[in-house]
4 protein chains.
Amino acid sequence: MDFSSDNSFGVHPAIMDAVLAANNGTAVSYGGDDITARVKARFRDLFETDLEVLLVPTGTAANALAVSAFTPTVGAVFAHAEAHIAVEECGSAEFFSGGARLVPVTGFGARMTPATLAAALEACPEGNSRVHVPSVLTLTQATECGTLYRPDDIAALAEIARSRSMAVHIDGARFANAVAALGCPPADIAWRAGVDVMTFGATKNGAMSVEALVLFDTSKAAELDRLRLRAGHLLSKMRFMAAQMDACLADGLWLKLAGAANAAAARLSAGLAALDGVRLAWPTEANEVFAVMPSGLSAHLDRAGARFYGWTTVGLAGTDAMPGKGEELRRLICSFDTGTGAVDRFLAVARGYNG
Amino acid sequence: MDFSSDNSFGVHPAIMDAVLAANNGTAVSYGGDDITARVKARFRDLFETDLEVLLVPTGTAANALAVSAFTPTVGAVFAHAEAHIAVEECGSAEFFSGGARLVPVTGFGARMTPATLAAALEACPEGNSRVHVPSVLTLTQATECGTLYRPDDIAALAEIARSRSMAVHIDGARFANAVAALGCPPADIAWRAGVDVMTFGATKNGAMSVEALVLFDTSKAAELDRLRLRAGHLLSKMRFMAAQMDACLADGLWLKLAGAANAAAARLSAGLAALDGVRLAWPTEANEVFAVMPSGLSAHLDRAGARFYGWTTVGLAGTDAMPGKGEELRRLICSFDTGTGAVDRFLAVARGYNG
Amino acid sequence: MDFSSDNSFGVHPAIMDAVLAANNGTAVSYGGDDITARVKARFRDLFETDLEVLLVPTGTAANALAVSAFTPTVGAVFAHAEAHIAVEECGSAEFFSGGARLVPVTGFGARMTPATLAAALEACPEGNSRVHVPSVLTLTQATECGTLYRPDDIAALAEIARSRSMAVHIDGARFANAVAALGCPPADIAWRAGVDVMTFGATKNGAMSVEALVLFDTSKAAELDRLRLRAGHLLSKMRFMAAQMDACLADGLWLKLAGAANAAAARLSAGLAALDGVRLAWPTEANEVFAVMPSGLSAHLDRAGARFYGWTTVGLAGTDAMPGKGEELRRLICSFDTGTGAVDRFLAVARGYNG
Amino acid sequence: MDFSSDNSFGVHPAIMDAVLAANNGTAVSYGGDDITARVKARFRDLFETDLEVLLVPTGTAANALAVSAFTPTVGAVFAHAEAHIAVEECGSAEFFSGGARLVPVTGFGARMTPATLAAALEACPEGNSRVHVPSVLTLTQATECGTLYRPDDIAALAEIARSRSMAVHIDGARFANAVAALGCPPADIAWRAGVDVMTFGATKNGAMSVEALVLFDTSKAAELDRLRLRAGHLLSKMRFMAAQMDACLADGLWLKLAGAANAAAARLSAGLAALDGVRLAWPTEANEVFAVMPSGLSAHLDRAGARFYGWTTVGLAGTDAMPGKGEELRRLICSFDTGTGAVDRFLAVARGYNG
């Protein structure tokens, strides 16, 4: 009953098999191998457009490299106040960019809106050379709260960004969960909606350690090659990282795994919502469930060995998501490998609680 | 007949088995798992001292993080002019340190000497606040030319560094080859010789992608935890990287593999030196062979499908290593998996050349 | 009737005379001259303690150098959300520190409180290595709103900082105005209250271009020598900058000039507050007046040639400082050279307005 | 008899008068004043082209800002090994650029040649993404050895730079001395020879503290506005810095002062060369004299109170400039205010030496 993180889970067997299969003879190092080439072709097919791909081992690396390539050091990067890049990466974007500023954007459930983005942009009025230049808008899809941006949402935000000559980046650590939930072509929430560059995650979705930095605007590809090397993110035995992504993309495995995670979360969400005294903080749209529950219940679940974290975030005040007296807000993440059994065991334990 | 790089080779079966075995249930992410803890214990045993370990996916990451933690931004890092950190990492040390300067040190066969280090240090006289502060000495062991520093060599260089209050770092991408060749306890060419921090490589020695940043001076450990995260080098599913290092260190596998690579290089080196018109640029001390050979011979080998690169370096002029008219300097690297067969096939092809 | 900025005014004659007098023969460059030495001695007397001083041409330089010397690149610098370093320096602290993060602290009238500082610090819980290390608290004295921190205020904030091992910095671009208003020894709102390093401004107070970076914690002095040079802030003909500060400190000129500016502001403040429909946004404590006035009145004053800016800041909502319908919040700054005449002319024009 | 530095001298009276005259009423701060506007117009006239100008207080600031605006952080900046930016600025270019690399170029008398530049560029072969991108060529005019680049020299070097898509920068701390010596229009050794951006120095030439960053390629002007502010080099009371440059450029004062310094150096050079046992290290082309002299003579001069430094540089070996046994290489700098008297007194002392 581990709902602490999608990173607590291991590697899907098909992906591990691909790693094993890649261990065959010698290969050109640093990405000159055949598997890396095949991964690039797969991404072009997947997104129905020309693009460039750089594989890196972590999402922080992909985010920081992507953002830094599109911002001058006097630039401002607009991210939701709850975004991973803002609160979980210890300043990676500032470091990689040589000191650009991250400007927090508000919005309930980790989603910014055109109105909150526009409000944040007021800190950088046009023509004022005493403040940072808005340079990058980064959106997390699915968000840290497991909520989603629809194609129109992204297009509206990207249009604001475009009106200020900003590039648009997607932190897609859970992009697969978003696509699985929205049921749209990946391009519809990427370049067709105005996205220039994205982090396409695989690690949280059954891979061992690989994320793709996907460039729809390929003008920065040569510079990013060097930035990746300089940052220590060019792996010598690249084929083993490429093999993971190759297996993810083959036969739609990435979507199947994300769909399984989403389904487990939906089952868990419905089960929790049906319990007395429990309410969802916001709708469960992908593979994360946020529930306000009696402290007694959460302690009961902890005692039973369930692993899931408490949560807090800005903007709860005045909403249903705000825990009242004797309540807690808890986060539960389902992975590709969580399965119905674990969900049902968890719910059974919860139902057994006598407050 | 691939002698292009130790990175062209794959993963040793025992290491791959360890990765597979780690794929078992859920585990705490970001290094809180049991395997990571075991790796730390193994390093303490191996080096016979207390220390801290941070695992990262590349040698560039380990080098840059290690060096940057020990240099202020107005510091100078002294490295051999041929060192990986100087010529193959696109400025990683400068980037990670926010602009510290890499000062090249000369020396034949990629080895600096007390005299060449002292000469380089003259660029930063004590008490002159207009120049950089000497902060880190980084030595590559085995060097880029496959040569070695003996324990006394390191101690002598470290003493000079210490006299200027500099920290001492070892880039040990091929540290295993050095230990296998020198036959000394690892500590003798590490902390006992005055080393504060090192990169302990495994990737070139049969792993998939893992290097250990080993801190004998543990005062920077907490800062490095954050620097690693910020640089995108904290892997979420750490157990799979830790499993590789764990397998390397178990039962001395790392030494066996390095010994095998060294033995293949010795066999290749002896075979080449016995050929008419071929001479070694400098002695073969680890797993790299540098030979000056007739251009006709090297072309003959290329045509036969052998993969090995041409080489050039500073300081050849006036030495035996300098190719004469109609000659070339070529580099041949042997890996853990090169084997006697490939060496002998290569030598047979070479012997078949009629100049 | 120029109330736009204390920077719009020129140089006090005594300071200009000192610059002229310094133009006498040759002198050792880069701060080895006698005047620079005398300035250091004056600061030691003024603050009744040993200290180190580095002169630089701008307050941004002094702030950024001071802060960056006391923060690691993974550090967090806590500043009021309205502080110059946060909103007027285009990211200087982030740039000089290689990417440290500026964390905004709230508080009415540009003053943080122990409660708002403690709340901001919650973003960086102790023992969490995924977030920045709190490293520097920077306070502006007098604040951007012309309000003041009393000795006890600073001591209370510094104590919180100390409990998290943070250094304390004062941005004293208008420190003279604060001392003149508080009537305390400078040390009481500096090292005696727990301050480690400060920017002691002179430019806004009648000098041409000079600010002193004053180090009460002298451990960073040698590093700052180099940081200043590297940032291009070590002036070759230092004696002319030193002469300005020398004249400021001689015979208490700095306090007289600041007192004159404060007195002009007090006269202006009282005059404005007595007008129908005008109210002060907060008390006038130094040389800046913030008044809420009818838009008609401010337009009337603009037409009459008065120069003073509109103002907005966070935290106005729900306070008297919030302009209502048909009102504006305007800022008026008095300098050492504003004089009674300009104040009275301005007030006369204001009184002549028939809404 | 102070020949230690042109920075040891004070401010020319006409320039000081201009500073005094600027102290008149209030003015828009941060460069919005009339004098700053006039300086820009003067530069356009002087260089016979459209351009942008940013005034800063030091040459290090101008150099570092200029270079950093034209290099990515993975770029390489090519400078002579003896250039100020390479050896006297403690890594300013690396700092401002976030870690770009300075690549030293050799050449006798601090002058690089097409051959030495081409040799240095071989470190960054085209198409190799593992090494830095050549981005800026910076030339010092006059050089640190007081030698000059002719218009054709600059054009030839700039052509090489252009062939690698590099920008060309001139460090013109002593540009006036070069123009006075060459007798050419300034444009001929600037944009007409392929220069994109330059540092136009005034401080060493009789000003107090002002250098102009002149942009012939104006595409970076808006970014440089912010970079200057962020680096703390935007002076609030800009008019006093602008007044200095204004006076320099009025009526050709800058050329007259540089001509006077050059003439003093020529007189000194001729007098020294005529002494027994003294020889010039290289021809005196601007306002710096480098002479090899008996150690006894230099000690005699030191005792007599003459101030001039010993010198050493790379590339002396095998040239006349190399001091032999019992000899020293010394540098003597003449300023606008050195005058015939000081030169003749110095020479008289020298002639009085009985070895």
# chains A, B, ... in the order shown; residues from 1 in each chain; ligands from 1
call {"tool": "residues_around", "arguments": {"residues": "C:Ala64", "least_positions_apart": "4", "cutoff": "7 Å", "atoms": "only C-alpha atoms", "output": "PyMOL selection string"}}
result
chain C and resi 60+68+92-93+96
call {"tool": "residues_around", "arguments": {"residues": "D:Val105", "least_positions_apart": "5", "cutoff": "6 Å", "atoms": "only C-alpha atoms", "output": "PDB file with N, CA and C atoms, in the first residue's frame"}}
result
ATOM      1  N   ALA D  79      41.446  35.761 -26.313  1.00  0.00           N
ATOM      2  CA  ALA D  79      42.158  36.973 -25.908  1.00  0.00           C
ATOM      3  C   ALA D  79      43.646  36.664 -25.858  1.00  0.00           C
ATOM      4  N   HIS D  80      44.461  37.693 -26.037  1.00  0.00           N
ATOM      5  CA  HIS D  80      45.892  37.463 -25.892  1.00  0.00           C
ATOM      6  C   HIS D  80      46.179  37.018 -24.458  1.00  0.00           C
ATOM      7  N   ALA D  81      47.152  36.138 -24.323  1.00  0.00           N
ATOM      8  CA  ALA D  81      47.490  35.594 -23.006  1.00  0.00           C
ATOM      9  C   ALA D  81      47.866  36.686 -22.012  1.00  0.00           C
ATOM     10  N   LEU D 117      46.247  33.297 -33.754  1.00  0.00           N
ATOM     11  CA  LEU D 117      44.803  33.171 -33.536  1.00  0.00           C
ATOM     12  C   LEU D 117      44.278  31.877 -34.150  1.00  0.00           C
ATOM     13  N   ALA D 120      45.160  28.973 -32.013  1.00  0.00           N
ATOM     14  CA  ALA D 120      44.334  28.866 -30.814  1.00  0.00           C
ATOM     15  C   ALA D 120      42.945  28.321 -31.155  1.00  0.00           C
TER      16      ALA D 120
END
call {"tool": "interface_residues", "arguments": {"of": "chain B", "to": "chain C", "cutoff": "8 Å", "atoms": "only C-alpha atoms", "output": "count of residues only"}}
result
13
call {"tool": "residues_around", "arguments": {"residues": "stretch 15-24 of chain B", "least_positions_apart": "4", "cutoff": "7 Å", "atoms": "only C-alpha atoms", "output": "mmCIF file with N, CA, C and O atoms, in the first residue's frame"}}
result
data_model
loop_
_atom_site.group_PDB
_atom_site.id
_atom_site.type_symbol
_atom_site.label_atom_id
_atom_site.label_comp_id
_atom_site.auth_asym_id
_atom_site.auth_seq_id
_atom_site.Cartn_x
_atom_site.Cartn_y
_atom_site.Cartn_z
ATOM 1 N N GLY A 10 9.163 0.378 -9.289
ATOM 2 C CA GLY A 10 10.317 -0.032 -10.071
ATOM 3 C C GLY A 10 10.149 0.185 -11.563
ATOM 4 O O GLY A 10 9.552 1.165 -12.001
ATOM 5 N N VAL A 11 10.676 -0.778 -12.313
ATOM 6 C CA VAL A 11 10.734 -0.672 -13.770
ATOM 7 C C VAL A 11 9.799 -1.720 -14.379
ATOM 8 O O VAL A 11 9.787 -2.870 -13.945
ATOM 9 N N VAL B 11 27.510 -3.656 -20.451
ATOM 10 C CA VAL B 11 27.426 -3.816 -19.005
ATOM 11 C C VAL B 11 27.804 -5.242 -18.647
ATOM 12 O O VAL B 11 27.355 -6.198 -19.292
ATOM 13 N N ALA B 207 29.990 -0.858 -15.692
ATOM 14 C CA ALA B 207 28.666 -0.464 -15.227
ATOM 15 C C ALA B 207 27.894 0.183 -16.373
ATOM 16 O O ALA B 207 28.418 0.400 -17.470
ATOM 17 N N ARG B 239 17.888 3.360 -6.534
ATOM 18 C CA ARG B 239 18.316 1.986 -6.248
ATOM 19 C C ARG B 239 18.950 1.303 -7.457
ATOM 20 O O ARG B 239 19.829 0.460 -7.296
ATOM 21 N N PHE B 240 18.492 1.701 -8.663
ATOM 22 C CA PHE B 240 19.037 1.021 -9.848
ATOM 23 C C PHE B 240 20.465 1.482 -10.154
ATOM 24 O O PHE B 240 21.266 0.727 -10.702
ATOM 25 N N ALA B 243 22.554 -0.135 -7.333
ATOM 26 C CA ALA B 243 22.757 -1.577 -7.535
ATOM 27 C C ALA B 243 23.972 -1.840 -8.412
ATOM 28 O O ALA B 243 24.707 -2.822 -8.206
ATOM 29 N N GLN B 244 24.181 -0.971 -9.382
ATOM 30 C CA GLN B 244 25.359 -1.148 -10.251
ATOM 31 C C GLN B 244 26.649 -1.022 -9.442
ATOM 32 O O GLN B 244 27.567 -1.836 -9.561
ATOM 33 N N ALA B 247 27.206 -3.962 -7.084
ATOM 34 C CA ALA B 247 27.754 -5.154 -7.746
ATOM 35 C C ALA B 247 29.230 -4.959 -8.085
ATOM 36 O O ALA B 247 30.038 -5.897 -8.000
ATOM 37 N N CYS B 248 29.584 -3.766 -8.474
ATOM 38 C CA CYS B 248 30.996 -3.494 -8.771
ATOM 39 C C CYS B 248 31.872 -3.780 -7.564
ATOM 40 O O CYS B 248 32.957 -4.366 -7.669
#
call {"tool": "closest_residue", "arguments": {"among": "A:Ser298, A:Thr49, A:Ser5, A:Thr147", "to": "A:Arg330", "atoms": "only C-alpha atoms"}}
result
A:Ser298
call {"tool": "decode", "arguments": {"residues": "stretch 84-154 of chain A", "atoms": "C-alpha atoms", "output": "tab-separated table (two decimals), in the first residue's frame"}}
result
chain	number	residue	atom	x	y	z
A	84	HIS	CA	8.36	21.27	-9.21
A	85	ILE	CA	10.80	23.71	-10.81
A	86	ALA	CA	9.80	26.30	-8.23
A	87	VAL	CA	9.80	24.31	-5.02
A	88	GLU	CA	11.50	20.95	-5.49
A	89	GLU	CA	14.63	21.62	-7.54
A	90	CYS	CA	16.61	23.85	-5.18
A	91	GLY	CA	16.98	26.57	-7.78
A	92	SER	CA	17.94	24.53	-10.82
A	93	ALA	CA	16.47	27.01	-13.28
A	94	GLU	CA	18.25	29.93	-11.64
A	95	PHE	CA	21.51	27.98	-11.60
A	96	PHE	CA	21.37	26.77	-15.19
A	97	SER	CA	20.39	30.22	-16.45
A	98	GLY	CA	23.06	32.08	-14.48
A	99	GLY	CA	20.57	33.90	-12.33
A	100	ALA	CA	17.30	34.36	-14.18
A	101	ARG	CA	14.34	34.83	-11.88
A	102	LEU	CA	11.50	32.42	-11.28
A	103	VAL	CA	8.25	34.37	-10.88
A	104	PRO	CA	5.49	32.48	-9.09
A	105	VAL	CA	2.03	32.42	-10.63
A	106	THR	CA	-0.95	31.57	-8.46
A	107	GLY	CA	-4.00	29.41	-9.17
A	108	PHE	CA	-6.05	26.82	-7.35
A	109	GLY	CA	-5.02	23.19	-7.61
A	110	ALA	CA	-1.60	24.06	-9.04
A	111	ARG	CA	-3.19	25.36	-12.25
A	112	MET	CA	-2.53	28.90	-13.39
A	113	THR	CA	-5.15	30.73	-15.41
A	114	PRO	CA	-4.92	33.48	-18.00
A	115	ALA	CA	-5.92	35.91	-15.29
A	116	THR	CA	-3.29	34.81	-12.77
A	117	LEU	CA	-0.60	34.69	-15.44
A	118	ALA	CA	-1.50	38.17	-16.62
A	119	ALA	CA	-1.38	39.41	-13.04
A	120	ALA	CA	2.08	37.93	-12.52
A	121	LEU	CA	3.30	39.50	-15.75
A	122	GLU	CA	2.46	42.92	-14.40
A	123	ALA	CA	5.67	42.68	-12.38
A	124	CYS	CA	7.52	43.02	-15.69
A	125	PRO	CA	5.88	45.82	-17.64
A	126	GLU	CA	6.93	46.23	-21.23
A	127	GLY	CA	9.49	48.93	-21.80
A	128	ASN	CA	10.75	48.91	-18.23
A	129	SER	CA	14.44	48.04	-18.40
A	130	ARG	CA	14.76	47.91	-14.61
A	131	VAL	CA	12.98	44.59	-14.35
A	132	HIS	CA	13.49	41.14	-15.78
A	133	VAL	CA	12.49	40.28	-19.34
A	134	PRO	CA	9.66	37.73	-19.39
A	135	SER	CA	11.25	34.87	-21.29
A	136	VAL	CA	9.69	31.50	-20.50
A	137	LEU	CA	6.31	30.26	-19.37
A	138	THR	CA	6.53	26.78	-17.91
A	139	LEU	CA	3.39	24.73	-17.31
A	140	THR	CA	3.23	21.40	-15.51
A	141	GLN	CA	1.07	18.78	-17.18
A	142	ALA	CA	-0.37	16.95	-15.28
A	143	THR	CA	0.11	19.45	-12.45
A	144	GLU	CA	1.53	18.78	-9.01
A	145	CYS	CA	-2.06	18.50	-7.85
A	146	GLY	CA	-2.90	15.95	-10.47
A	147	THR	CA	-5.07	18.43	-12.35
A	148	LEU	CA	-4.94	19.01	-16.09
A	149	TYR	CA	-4.69	21.73	-18.66
A	150	ARG	CA	-7.01	21.16	-21.62
A	151	PRO	CA	-5.74	22.01	-25.12
A	152	ASP	CA	-7.63	25.30	-24.98
A	153	ASP	CA	-6.16	26.14	-21.59
A	154	ILE	CA	-2.64	25.74	-22.90
